[in-house]
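J.: PDB, C-alpha atoms, file structure_23.pdb:
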ATOM      1  CA  ASN P   1       0.000   0.000   0.000  1.00  0.00           C
ATOM      2  CA  PHE P   2       2.165   2.830  -1.283  1.00  0.00           C
ATOM      3  CA  GLU P   3       2.539   5.361  -4.058  1.00  0.00           C
ATOM      4  CA  PHE P   4       5.783   5.628  -5.998  1.00  0.00           C
ATOM      5  CA  ILE P   5       6.507   9.097  -7.368  1.00  0.00           C
ATOM      6  CA  ILE P   6       9.374   9.127  -9.840  1.00  0.00           C
ATOM      7  CA  ILE P   7      10.670  12.440 -11.109  1.00  0.00           C
ATOM      8  CA  ASN P   8      12.956  12.289 -14.096  1.00  0.00           C
ATOM      9  CA  ASP P   9      14.683  15.615 -13.524  1.00  0.00           C
ATOM     10  CA  GLY P  10      16.205  16.214 -16.928  1.00  0.00           C
ATOM     11  CA  SER P  11      18.238  13.025 -17.197  1.00  0.00           C
ATOM     12  CA  THR P  12      19.716  12.206 -20.580  1.00  0.00           C
ATOM     13  CA  ASP P  13      19.902   8.446 -20.147  1.00  0.00           C
ATOM     14  CA  ASN P  14      17.248   5.793 -20.796  1.00  0.00           C
ATOM     15  CA  SER P  15      15.334   6.477 -17.559  1.00  0.00           C
ATOM     16  CA  LYS P  16      12.070   7.490 -19.211  1.00  0.00           C
ATOM     17  CA  ASN P  17      11.813   4.267 -21.222  1.00  0.00           C
ATOM     18  CA  ILE P  18      12.671   2.131 -18.204  1.00  0.00           C
ATOM     19  CA  ILE P  19      10.064   3.846 -16.024  1.00  0.00           C
ATOM     20  CA  ASP P  20       7.411   3.720 -18.755  1.00  0.00           C
ATOM     21  CA  ALA P  21       7.968  -0.040 -19.128  1.00  0.00           C
ATOM     22  CA  TYR P  22       6.310  -0.601 -15.730  1.00  0.00           C
ATOM     23  CA  ASP P  23       2.533  -0.970 -15.779  1.00  0.00           C
ATOM     24  CA  ASP P  24       1.710  -0.200 -12.153  1.00  0.00           C
ATOM     25  CA  LYS P  25      -1.029   2.175 -10.991  1.00  0.00           C
ATOM     26  CA  ARG P  26       1.037   3.034  -7.889  1.00  0.00           C
ATOM     27  CA  ILE P  27       3.660   4.774 -10.056  1.00  0.00           C
ATOM     28  CA  THR P  28       3.346   8.462 -10.857  1.00  0.00           C
ATOM     29  CA  HIS P  29       5.953   9.448 -13.429  1.00  0.00           C
ATOM     30  CA  ILE P  30       6.885  13.096 -13.913  1.00  0.00           C
ATOM     31  CA  GLU P  31       9.188  14.239 -16.710  1.00  0.00           C
ATOM     32  CA  GLN P  32      10.707  17.686 -16.314  1.00  0.00           C
ATOM     33  CA  GLU P  33      13.689  19.818 -17.188  1.00  0.00           C
ATOM     34  CA  ASN P  34      16.327  19.969 -14.476  1.00  0.00           C
ATOM     35  CA  ASN P  35      14.918  22.111 -11.656  1.00  0.00           C
ATOM     36  CA  GLY P  36      17.478  21.487  -8.931  1.00  0.00           C
ATOM     37  CA  LEU P  37      17.162  19.240  -5.905  1.00  0.00           C
ATOM     38  CA  ALA P  38      14.970  21.309  -3.574  1.00  0.00           C
ATOM     39  CA  LYS P  39      12.367  22.240  -6.177  1.00  0.00           C
ATOM     40  CA  THR P  40      12.252  18.664  -7.487  1.00  0.00           C
ATOM     41  CA  LEU P  41      11.789  17.243  -3.972  1.00  0.00           C
ATOM     42  CA  ASN P  42       8.999  19.742  -3.294  1.00  0.00           C
ATOM     43  CA  ILE P  43       7.303  18.844  -6.580  1.00  0.00           C
ATOM     44  CA  GLY P  44       7.471  15.176  -5.631  1.00  0.00           C
ATOM     45  CA  ALA P  45       6.034  15.905  -2.183  1.00  0.00           C
ATOM     46  CA  SER P  46       3.138  17.795  -3.766  1.00  0.00           C
ATOM     47  CA  TYR P  47       2.048  14.525  -5.418  1.00  0.00           C
ATOM     48  CA  CYS P  48       2.135  12.597  -2.125  1.00  0.00           C
ATOM     49  CA  ASN P  49      -1.187  11.612  -0.615  1.00  0.00           C
ATOM     50  CA  GLY P  50       0.063   9.402   2.198  1.00  0.00           C
ATOM     51  CA  GLU P  51       0.852  10.093   5.816  1.00  0.00           C
ATOM     52  CA  PHE P  52       4.594   9.572   5.261  1.00  0.00           C
ATOM     53  CA  ILE P  53       7.170  10.561   2.659  1.00  0.00           C
ATOM     54  CA  ALA P  54      10.182   8.352   2.017  1.00  0.00           C
ATOM     55  CA  ARG P  55      12.819   9.527  -0.382  1.00  0.00           C
ATOM     56  CA  THR P  56      15.816   8.091  -2.107  1.00  0.00           C
ATOM     57  CA  ASP P  57      18.031   8.920  -5.043  1.00  0.00           C
ATOM     58  CA  GLN P  58      18.358   7.133  -8.373  1.00  0.00           C
ATOM     59  CA  ASP P  59      21.763   5.679  -7.580  1.00  0.00           C
ATOM     60  CA  ASP P  60      20.883   4.304  -4.123  1.00  0.00           C
ATOM     61  CA  ILE P  61      19.456   0.891  -3.288  1.00  0.00           C
ATOM     62  CA  CYS P  62      16.857   0.380  -0.553  1.00  0.00           C
ATOM     63  CA  LYS P  63      17.014  -2.763   1.538  1.00  0.00           C
ATOM     64  CA  LEU P  64      13.852  -4.828   1.028  1.00  0.00           C
ATOM     65  CA  ASP P  65      12.595  -4.142   4.561  1.00  0.00           C
ATOM     66  CA  ARG P  66      13.443  -0.422   4.672  1.00  0.00           C
ATOM     67  CA  PHE P  67       9.932   0.942   4.256  1.00  0.00           C
ATOM     68  CA  SER P  68       8.245  -1.574   6.549  1.00  0.00           C
ATOM     69  CA  ILE P  69      10.787  -0.904   9.321  1.00  0.00           C
ATOM     70  CA  GLN P  70      10.496   2.871   9.035  1.00  0.00           C
ATOM     71  CA  TYR P  71       6.708   2.788   8.668  1.00  0.00           C
ATOM     72  CA  SER P  72       6.334   0.595  11.756  1.00  0.00           C
ATOM     73  CA  PHE P  73       8.727   2.836  13.660  1.00  0.00           C
ATOM     74  CA  LEU P  74       6.812   6.032  12.856  1.00  0.00           C
ATOM     75  CA  LYS P  75       3.477   4.369  13.643  1.00  0.00           C
ATOM     76  CA  LYS P  76       4.821   3.278  17.037  1.00  0.00           C
ATOM     77  CA  TYR P  77       6.663   6.489  17.969  1.00  0.00           C
ATOM     78  CA  LYS P  78       4.211   9.311  17.267  1.00  0.00           C
ATOM     79  CA  ASP P  79       6.608  11.907  18.718  1.00  0.00           C
ATOM     80  CA  ILE P  80       9.242  11.283  16.027  1.00  0.00           C
ATOM     81  CA  SER P  81       8.845  13.284  12.803  1.00  0.00           C
ATOM     82  CA  VAL P  82      11.784  12.017  10.765  1.00  0.00           C
ATOM     83  CA  VAL P  83      13.535   8.666  10.844  1.00  0.00           C
ATOM     84  CA  SER P  84      16.678   7.840   8.917  1.00  0.00           C
ATOM     85  CA  SER P  85      19.096   4.954   9.206  1.00  0.00           C
ATOM     86  CA  ALA P  86      22.619   3.759   8.861  1.00  0.00           C
ATOM     87  CA  VAL P  87      23.757   3.279   5.287  1.00  0.00           C
ATOM     88  CA  SER P  88      26.315   1.058   3.645  1.00  0.00           C
ATOM     89  CA  TYR P  89      28.551   2.824   1.154  1.00  0.00           C
ATOM     90  CA  ILE P  90      28.967   1.280  -2.282  1.00  0.00           C
ATOM     91  CA  ASN P  91      30.856   2.280  -5.392  1.00  0.00           C
ATOM     92  CA  GLU P  92      29.483   2.574  -8.941  1.00  0.00           C
ATOM     93  CA  LYS P  93      29.748  -1.206  -9.360  1.00  0.00           C
ATOM     94  CA  GLY P  94      27.821  -1.917  -6.148  1.00  0.00           C
ATOM     95  CA  CYS P  95      30.889  -3.095  -4.216  1.00  0.00           C
ATOM     96  CA  TYR P  96      30.717  -2.571  -0.452  1.00  0.00           C
ATOM     97  CA  LEU P  97      33.042   0.154   0.879  1.00  0.00           C
ATOM     98  CA  GLY P  98      31.927   0.489   4.512  1.00  0.00           C
ATOM     99  CA  ARG P  99      28.986   1.683   6.581  1.00  0.00           C
ATOM    100  CA  SER P 100      27.860   4.594   8.700  1.00  0.00           C
ATOM    101  CA  PHE P 101      27.283   4.503  12.442  1.00  0.00           C
ATOM    102  CA  PRO P 102      24.752   7.281  13.013  1.00  0.00           C
ATOM    103  CA  TYR P 103      23.772   9.001  16.224  1.00  0.00           C
ATOM    104  CA  THR P 104      20.504   7.443  17.351  1.00  0.00           C
ATOM    105  CA  TRP P 105      19.281   9.500  20.309  1.00  0.00           C
ATOM    106  CA  PRO P 106      17.064  12.478  19.375  1.00  0.00           C
ATOM    107  CA  PHE P 107      18.733  14.826  21.901  1.00  0.00           C
ATOM    108  CA  LEU P 108      22.202  14.028  20.473  1.00  0.00           C
ATOM    109  CA  ILE P 109      20.912  14.454  16.925  1.00  0.00           C
ATOM    110  CA  ARG P 110      19.373  17.804  17.902  1.00  0.00           C
ATOM    111  CA  ASN P 111      22.622  19.013  19.494  1.00  0.00           C
ATOM    112  CA  LYS P 112      24.746  17.867  16.569  1.00  0.00           C
ATOM    113  CA  LEU P 113      22.389  19.453  14.012  1.00  0.00           C
ATOM    114  CA  LEU P 114      22.348  22.779  15.847  1.00  0.00           C
ATOM    115  CA  ASN P 115      26.074  22.885  16.668  1.00  0.00           C
ATOM    116  CA  ASP P 116      28.151  20.670  14.387  1.00  0.00           C
ATOM    117  CA  GLY P 117      26.438  19.915  11.087  1.00  0.00           C
ATOM    118  CA  CYS P 118      24.307  17.293   9.417  1.00  0.00           C
ATOM    119  CA  VAL P 119      24.082  13.816  10.976  1.00  0.00           C
ATOM    120  CA  ILE P 120      21.097  12.522   8.947  1.00  0.00           C
ATOM    121  CA  ASN P 121      21.447  10.317   5.852  1.00  0.00           C
ATOM    122  CA  HIS P 122      19.042  12.158   3.574  1.00  0.00           C
ATOM    123  CA  PRO P 123      18.425   9.394   0.985  1.00  0.00           C
ATOM    124  CA  ALA P 124      17.393   7.046   3.825  1.00  0.00           C
ATOM    125  CA  VAL P 125      14.755   9.379   5.320  1.00  0.00           C
ATOM    126  CA  MET P 126      11.089   8.727   5.970  1.00  0.00           C
ATOM    127  CA  MET P 127       9.134  11.628   7.461  1.00  0.00           C
ATOM    128  CA  ARG P 128       5.665  12.664   8.471  1.00  0.00           C
ATOM    129  CA  ARG P 129       4.191  14.642   5.579  1.00  0.00           C
ATOM    130  CA  ASN P 130       2.275  17.045   7.862  1.00  0.00           C
ATOM    131  CA  ASP P 131       5.421  17.930   9.831  1.00  0.00           C
ATOM    132  CA  PHE P 132       7.358  18.420   6.593  1.00  0.00           C
ATOM    133  CA  GLU P 133       4.636  20.796   5.365  1.00  0.00           C
ATOM    134  CA  ASP P 134       4.509  22.619   8.722  1.00  0.00           C
ATOM    135  CA  ALA P 135       8.265  23.235   8.585  1.00  0.00           C
ATOM    136  CA  GLY P 136       7.893  24.874   5.169  1.00  0.00           C
ATOM    137  CA  ARG P 137       9.240  22.079   2.956  1.00  0.00           C
ATOM    138  CA  TYR P 138      12.701  22.233   1.362  1.00  0.00           C
ATOM    139  CA  SER P 139      14.068  25.723   0.820  1.00  0.00           C
ATOM    140  CA  GLU P 140      14.369  26.408  -2.885  1.00  0.00           C
ATOM    141  CA  VAL P 141      16.517  29.450  -2.108  1.00  0.00           C
ATOM    142  CA  ILE P 142      19.252  27.394  -0.428  1.00  0.00           C
ATOM    143  CA  ASP P 143      19.113  24.453  -2.911  1.00  0.00           C
ATOM    144  CA  GLY P 144      22.093  22.181  -3.275  1.00  0.00           C
ATOM    145  CA  ARG P 145      24.309  20.641  -0.610  1.00  0.00           C
ATOM    146  CA  PHE P 146      22.497  22.102   2.399  1.00  0.00           C
ATOM    147  CA  THR P 147      18.922  21.486   1.254  1.00  0.00           C
ATOM    148  CA  ASP P 148      18.333  18.659   3.709  1.00  0.00           C
ATOM    149  CA  TYR P 149      20.328  20.150   6.585  1.00  0.00           C
ATOM    150  CA  HIS P 150      18.271  23.327   6.436  1.00  0.00           C
ATOM    151  CA  LEU P 151      15.039  21.302   6.637  1.00  0.00           C
ATOM    152  CA  TRP P 152      16.284  19.309   9.658  1.00  0.00           C
ATOM    153  CA  VAL P 153      17.187  22.520  11.498  1.00  0.00           C
ATOM    154  CA  LYS P 154      13.772  24.037  10.713  1.00  0.00           C
ATOM    155  CA  LEU P 155      12.073  20.898  12.067  1.00  0.00           C
ATOM    156  CA  ILE P 156      14.225  20.858  15.225  1.00  0.00           C
ATOM    157  CA  LYS P 157      13.558  24.556  15.887  1.00  0.00           C
ATOM    158  CA  ARG P 158       9.812  23.874  15.638  1.00  0.00           C
ATOM    159  CA  GLY P 159      10.140  21.201  18.313  1.00  0.00           C
ATOM    160  CA  TYR P 160      10.030  18.124  16.066  1.00  0.00           C
ATOM    161  CA  LYS P 161      12.228  15.125  16.831  1.00  0.00           C
ATOM    162  CA  ILE P 162      14.503  13.244  14.448  1.00  0.00           C
ATOM    163  CA  LYS P 163      15.810   9.722  15.015  1.00  0.00           C
ATOM    164  CA  ASN P 164      18.288   7.453  13.277  1.00  0.00           C
ATOM    165  CA  ILE P 165      17.969   3.679  13.285  1.00  0.00           C
ATOM    166  CA  SER P 166      21.334   1.952  13.673  1.00  0.00           C
ATOM    167  CA  LYS P 167      20.383  -0.780  11.167  1.00  0.00           C
ATOM    168  CA  VAL P 168      21.568  -0.327   7.570  1.00  0.00           C
ATOM    169  CA  LEU P 169      18.471   0.264   5.412  1.00  0.00           C
ATOM    170  CA  LEU P 170      20.059   1.758   2.300  1.00  0.00           C
ATOM    171  CA  LYS P 171      23.060   1.229   0.063  1.00  0.00           C
ATOM    172  CA  TYR P 172      24.446   4.699  -0.694  1.00  0.00           C
TER     173      TYR P 172
END
What would you get if you wrote out this structure as structure tokens?

T.:
Amino acid sequence: NFEFIIINDGSTDNSKNIIDAYDDKRITHIEQENNGLAKTLNIGASYCNGEFIARTDQDDICKLDRFSIQYSFLKKYKDISVVSSAVSYINEKGCYLGRSFPYTWPFLIRNKLLNDGCVINHPAVMMRRNDFEDAGRYSEVIDGRFTDYHLWVKLIKRGYKIKNISKVLLKY
């Protein structure tokens, strides 16, 4: 029970044909010129109808149980707005390079985000859509490397909590 929103943001490869080959009513396929990360993520979110938004990038691989683990987590812990996870790092050929060991306690994540920098693996995020909307979505002014970090700080400053799961749920 999910919707899969795929935005082909100006790619020049065979992505459109691959996506169009799938006959699945859960897929919404959007073709557009390159609009930058923040605007593209906001466009994708505008198509979401569900309670949660999970995101990933075209070159990442989700573990088979990623969505069920994160969904169950957010259903159980109503006070958490964003959940991410550890990731394993892979190269272009899919060979394992190592893994992350993220901070898992919300108060440590809050302190790190406000004082040291980003400690959330953005492609492994699932978040509550209403909280994302309340925080003002991704900033299209900042766009680029700090798009996600800016959103996490906005959420934290509004009193929302962010958590990392120590289990690897994504190959990055």

J.: I'd like the interatomic distance between atom CA of P:Arg145 and atom CA of P:Tyr47, to a tenth of an Å.

T.: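 Those two atoms sit 23.6 Å apart.
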
J.: Kindly indicate which residue among P:Gly10, P:Pro123, P:Gly98, P:Pro106 lies nearest to P:Glu33, using all atoms listed in the file for the distances.

T.: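 For P:Glu33, the nearest of the candidates is P:Gly10.
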
J.: Find, counting all atoms listed in the file, the residue in P:Ile27, P:Leu113, P:Ile6, P:Met126 that gets nearest to P:Ser72.

T.: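 Under the stated criterion, the closest residue is P:Met126.
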
J.: Just how far from atom CA of P:Ile142 is atom CA of P:His122, in Å to one decimal?

T.: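 Between these atoms lies a distance of 15.8 Å.
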
J.: Considering all atoms listed in the file, can you say which of P:Val119, P:Met127, P:Val153, P:Ala135 comes closest to P:Lys78?

T.: P:Met127

J.: Find the residues near P:Glu31: any atom within 12 Å, counting all atoms listed in the file, skip ones fewer than 4 places away on the same chain, and give them as a PDB file with C-alpha atoms, in the frame of the given file.

T.:
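Everything below was put into part.pdb:
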ATOM      1  CA  ILE P   5       6.507   9.097  -7.368  1.00  0.00           C
ATOM      2  CA  ILE P   6       9.374   9.127  -9.840  1.00  0.00           C
ATOM      3  CA  ILE P   7      10.670  12.440 -11.109  1.00  0.00           C
ATOM      4  CA  ASN P   8      12.956  12.289 -14.096  1.00  0.00           C
ATOM      5  CA  ASP P   9      14.683  15.615 -13.524  1.00  0.00           C
ATOM      6  CA  GLY P  10      16.205  16.214 -16.928  1.00  0.00           C
ATOM      7  CA  SER P  11      18.238  13.025 -17.197  1.00  0.00           C
ATOM      8  CA  THR P  12      19.716  12.206 -20.580  1.00  0.00           C
ATOM      9  CA  SER P  15      15.334   6.477 -17.559  1.00  0.00           C
ATOM     10  CA  LYS P  16      12.070   7.490 -19.211  1.00  0.00           C
ATOM     11  CA  ASN P  17      11.813   4.267 -21.222  1.00  0.00           C
ATOM     12  CA  ILE P  19      10.064   3.846 -16.024  1.00  0.00           C
ATOM     13  CA  ASP P  20       7.411   3.720 -18.755  1.00  0.00           C
ATOM     14  CA  ASN P  35      14.918  22.111 -11.656  1.00  0.00           C
ATOM     15  CA  THR P  40      12.252  18.664  -7.487  1.00  0.00           C
ATOM     16  CA  ILE P  43       7.303  18.844  -6.580  1.00  0.00           C
ATOM     17  CA  GLY P  44       7.471  15.176  -5.631  1.00  0.00           C
TER      18      GLY P  44
END

J.: Take stretch 107-118 of chain P, model all heavy atoms, and hand the result over as a PDB file, keeping the file's coordinate frame.

T.:
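The result, written out as rebuild_21.pdb:
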ATOM      1  N   PHE P 107      18.085  13.649  21.299  1.00  0.00           N
ATOM      2  CA  PHE P 107      18.733  14.826  21.901  1.00  0.00           C
ATOM      3  C   PHE P 107      20.156  15.011  21.367  1.00  0.00           C
ATOM      4  O   PHE P 107      20.609  16.132  21.174  1.00  0.00           O
ATOM      5  CB  PHE P 107      18.704  14.775  23.435  1.00  0.00           C
ATOM      6  CG  PHE P 107      19.660  13.796  24.050  1.00  0.00           C
ATOM      7  CD1 PHE P 107      20.941  14.193  24.413  1.00  0.00           C
ATOM      8  CD2 PHE P 107      19.281  12.483  24.273  1.00  0.00           C
ATOM      9  CE1 PHE P 107      21.825  13.286  24.978  1.00  0.00           C
ATOM     10  CE2 PHE P 107      20.156  11.576  24.832  1.00  0.00           C
ATOM     11  CZ  PHE P 107      21.436  11.973  25.187  1.00  0.00           C
ATOM     12  N   LEU P 108      20.872  13.916  21.079  1.00  0.00           N
ATOM     13  CA  LEU P 108      22.202  14.028  20.473  1.00  0.00           C
ATOM     14  C   LEU P 108      22.104  14.527  19.029  1.00  0.00           C
ATOM     15  O   LEU P 108      22.904  15.359  18.601  1.00  0.00           O
ATOM     16  CB  LEU P 108      22.919  12.676  20.484  1.00  0.00           C
ATOM     17  CG  LEU P 108      23.578  12.251  21.776  1.00  0.00           C
ATOM     18  CD1 LEU P 108      24.142  10.841  21.649  1.00  0.00           C
ATOM     19  CD2 LEU P 108      24.673  13.222  22.174  1.00  0.00           C
ATOM     20  N   ILE P 109      21.124  14.008  18.305  1.00  0.00           N
ATOM     21  CA  ILE P 109      20.912  14.454  16.925  1.00  0.00           C
ATOM     22  C   ILE P 109      20.601  15.944  16.906  1.00  0.00           C
ATOM     23  O   ILE P 109      21.167  16.699  16.111  1.00  0.00           O
ATOM     24  CB  ILE P 109      19.793  13.631  16.259  1.00  0.00           C
ATOM     25  CG1 ILE P 109      20.262  12.181  16.066  1.00  0.00           C
ATOM     26  CG2 ILE P 109      19.366  14.247  14.925  1.00  0.00           C
ATOM     27  CD1 ILE P 109      19.169  11.220  15.659  1.00  0.00           C
ATOM     28  N   ARG P 110      19.723  16.378  17.812  1.00  0.00           N
ATOM     29  CA  ARG P 110      19.373  17.804  17.902  1.00  0.00           C
ATOM     30  C   ARG P 110      20.626  18.642  18.158  1.00  0.00           C
ATOM     31  O   ARG P 110      20.869  19.643  17.485  1.00  0.00           O
ATOM     32  CB  ARG P 110      18.348  18.015  19.012  1.00  0.00           C
ATOM     33  CG  ARG P 110      17.916  19.444  19.169  1.00  0.00           C
ATOM     34  CD  ARG P 110      16.973  19.599  20.388  1.00  0.00           C
ATOM     35  NE  ARG P 110      16.309  20.869  20.375  1.00  0.00           N
ATOM     36  CZ  ARG P 110      16.897  22.027  20.675  1.00  0.00           C
ATOM     37  NH1 ARG P 110      18.169  22.066  21.005  1.00  0.00           N
ATOM     38  NH2 ARG P 110      16.200  23.147  20.633  1.00  0.00           N
ATOM     39  N   ASN P 111      21.421  18.246  19.157  1.00  0.00           N
ATOM     40  CA  ASN P 111      22.622  19.013  19.494  1.00  0.00           C
ATOM     41  C   ASN P 111      23.621  19.035  18.348  1.00  0.00           C
ATOM     42  O   ASN P 111      24.207  20.078  18.050  1.00  0.00           O
ATOM     43  CB  ASN P 111      23.279  18.434  20.747  1.00  0.00           C
ATOM     44  CG  ASN P 111      22.479  18.760  21.995  1.00  0.00           C
ATOM     45  OD1 ASN P 111      21.647  19.657  21.995  1.00  0.00           O
ATOM     46  ND2 ASN P 111      22.716  18.007  23.062  1.00  0.00           N
ATOM     47  N   LYS P 112      23.824  17.912  17.699  1.00  0.00           N
ATOM     48  CA  LYS P 112      24.746  17.867  16.569  1.00  0.00           C
ATOM     49  C   LYS P 112      24.251  18.744  15.416  1.00  0.00           C
ATOM     50  O   LYS P 112      25.033  19.484  14.808  1.00  0.00           O
ATOM     51  CB  LYS P 112      24.941  16.424  16.086  1.00  0.00           C
ATOM     52  CG  LYS P 112      25.768  15.587  17.011  1.00  0.00           C
ATOM     53  CD  LYS P 112      27.206  16.048  16.978  1.00  0.00           C
ATOM     54  CE  LYS P 112      28.112  15.153  17.774  1.00  0.00           C
ATOM     55  NZ  LYS P 112      29.496  15.644  17.755  1.00  0.00           N
ATOM     56  N   LEU P 113      22.944  18.651  15.104  1.00  0.00           N
ATOM     57  CA  LEU P 113      22.389  19.453  14.012  1.00  0.00           C
ATOM     58  C   LEU P 113      22.535  20.950  14.289  1.00  0.00           C
ATOM     59  O   LEU P 113      22.835  21.727  13.382  1.00  0.00           O
ATOM     60  CB  LEU P 113      20.917  19.113  13.778  1.00  0.00           C
ATOM     61  CG  LEU P 113      20.637  17.810  13.040  1.00  0.00           C
ATOM     62  CD1 LEU P 113      19.153  17.481  13.093  1.00  0.00           C
ATOM     63  CD2 LEU P 113      21.108  17.887  11.597  1.00  0.00           C
ATOM     64  N   LEU P 114      22.306  21.351  15.517  1.00  0.00           N
ATOM     65  CA  LEU P 114      22.348  22.779  15.847  1.00  0.00           C
ATOM     66  C   LEU P 114      23.762  23.310  16.062  1.00  0.00           C
ATOM     67  O   LEU P 114      23.975  24.514  15.971  1.00  0.00           O
ATOM     68  CB  LEU P 114      21.492  23.055  17.086  1.00  0.00           C
ATOM     69  CG  LEU P 114      19.990  22.823  16.904  1.00  0.00           C
ATOM     70  CD1 LEU P 114      19.252  23.071  18.213  1.00  0.00           C
ATOM     71  CD2 LEU P 114      19.415  23.696  15.792  1.00  0.00           C
ATOM     72  N   ASN P 115      24.735  22.416  16.323  1.00  0.00           N
ATOM     73  CA  ASN P 115      26.074  22.885  16.668  1.00  0.00           C
ATOM     74  C   ASN P 115      27.196  22.409  15.758  1.00  0.00           C
ATOM     75  O   ASN P 115      28.228  23.071  15.661  1.00  0.00           O
ATOM     76  CB  ASN P 115      26.416  22.477  18.110  1.00  0.00           C
ATOM     77  CG  ASN P 115      25.469  23.111  19.109  1.00  0.00           C
ATOM     78  OD1 ASN P 115      25.330  24.317  19.131  1.00  0.00           O
ATOM     79  ND2 ASN P 115      24.822  22.290  19.904  1.00  0.00           N
ATOM     80  N   ASP P 116      27.024  21.254  15.105  1.00  0.00           N
ATOM     81  CA  ASP P 116      28.151  20.670  14.387  1.00  0.00           C
ATOM     82  C   ASP P 116      27.916  20.407  12.913  1.00  0.00           C
ATOM     83  O   ASP P 116      28.866  20.262  12.157  1.00  0.00           O
ATOM     84  CB  ASP P 116      28.548  19.336  15.038  1.00  0.00           C
ATOM     85  CG  ASP P 116      29.087  19.516  16.445  1.00  0.00           C
ATOM     86  OD1 ASP P 116      29.699  20.560  16.725  1.00  0.00           O
ATOM     87  OD2 ASP P 116      28.879  18.604  17.267  1.00  0.00           O
ATOM     88  N   GLY P 117      26.695  20.235  12.489  1.00  0.00           N
ATOM     89  CA  GLY P 117      26.438  19.915  11.087  1.00  0.00           C
ATOM     90  C   GLY P 117      25.478  18.757  10.947  1.00  0.00           C
ATOM     91  O   GLY P 117      24.893  18.278  11.916  1.00  0.00           O
ATOM     92  N   CYS P 118      25.326  18.288   9.731  1.00  0.00           N
ATOM     93  CA  CYS P 118      24.307  17.293   9.417  1.00  0.00           C
ATOM     94  C   CYS P 118      24.736  15.887   9.838  1.00  0.00           C
ATOM     95  O   CYS P 118      25.849  15.458   9.542  1.00  0.00           O
ATOM     96  CB  CYS P 118      23.994  17.319   7.926  1.00  0.00           C
ATOM     97  SG  CYS P 118      22.479  16.435   7.535  1.00  0.00           S
TER      98      CYS P 118
END
